[in-house]
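Enquirer: Sharing a structure here in structure tokens format.
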Amino acid sequence: MLRKFWTHFNSWLKNLKYFERNGIELILVLDTPDEEEELKNYLNEFPFLNSNVIANRTSHEWRNPSKALNVGVKAANRRYVFIASPETEFFTDVIYQLRYILHYYPESFAIGQVCFLAFETTPELKDLY
């Protein structure tokens, strides 16, 4: 699991239950170092979370987030890589579902649905289909 991290603790907290499991490596990529210390201190509260924080130490203008994501992909130590934005909130256990599919159907692929909502919105599953 790879996430480019900004300051979206709320959605990240809602997903934490999906990250605290065997075999998941959570790589958090910071494109600037200003949140690194705070994030590392926060992660210390979750000893069962296998996490790696990577911070860019060079100042730069805005750039496409793919550079930071590529750094995280390169650092990944697992067979599969799943990339999610920091403001992504999982409505189902997509990590388990994808892992199951890839384990039992290795030649398959998976697609999903992305919904863009306001942060304070809580959708019903029936509203997503």
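By order of appearance in the structure tokens: chains A, B, ..., then residues from 1 within every chain, and ligands from 1 in the order shown.
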Give me, as number ranges by chain, all polymer residues having an atom no more than 10 Å from stretch 57-65 of chain A, counting only C-alpha atoms and skipping those fewer than 5 positions away in the same chain.
Expert: A: 4, 29-34, 70, 85
Enquirer: Taking the DSSP secondary structure from the backbone, can you list the residues of chain A that are strand (DSSP E or B), as a PyMOL selection string?
Expert: chain A and resi 2-4+26-30+51-55+83-84
Enquirer: So, counting only C-alpha atoms, which residue among A:Tyr80, A:Lys40, A:Pro123, A:Glu87 is closest to A:His103?
Expert: A:Tyr80
Enquirer: Can you work out the spacing between atom CA of A:Pro47 and atom CA of A:Lys14 in Å, to one decimal?
Expert: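 Atom-to-atom, atom CA of A:Pro47 and atom CA of A:Lys14 are spaced 17.1 Å apart.
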Enquirer: I want to know what sits within 12 Å of A:Asn50, based on only C-alpha atoms, with residues of the same chain fewer than 3 positions away left out; could you give that as an MDAnalysis selection string?
Expert: chainID A and resid 1:2 16 18:28 43:44 46:47 53 76:78
Enquirer: Interatomic distance between atom CA of A:Pro106 and atom CA of A:Gly72?
Expert: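 Between atom CA of A:Pro106 and atom CA of A:Gly72 the gap is 23.1 Å.
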Enquirer: From the list A:Tyr96, A:Tyr104, A:Phe90, A:Phe82, which residue is nearest A:Leu13 when using only C-alpha atoms?
Expert: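 Checking each candidate against A:Leu13, we get A:Phe90 as the closest.
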Enquirer: Interatomic distance between atom CA of A:Ala55 and atom CA of A:Glu37?
Expert: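 Spanning atom CA of A:Ala55 to atom CA of A:Glu37 is a straight-line distance of 10.0 Å.
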Enquirer: Could you tell me which of A:Ile95, A:Ala75, A:Leu102, A:Ala84 comes closest to A:Ile54 if we count only C-alpha atoms?
Expert: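 Between A:Ile95, A:Ala75, A:Leu102, A:Ala84, the residue approaching A:Ile54 most closely is A:Ala75.
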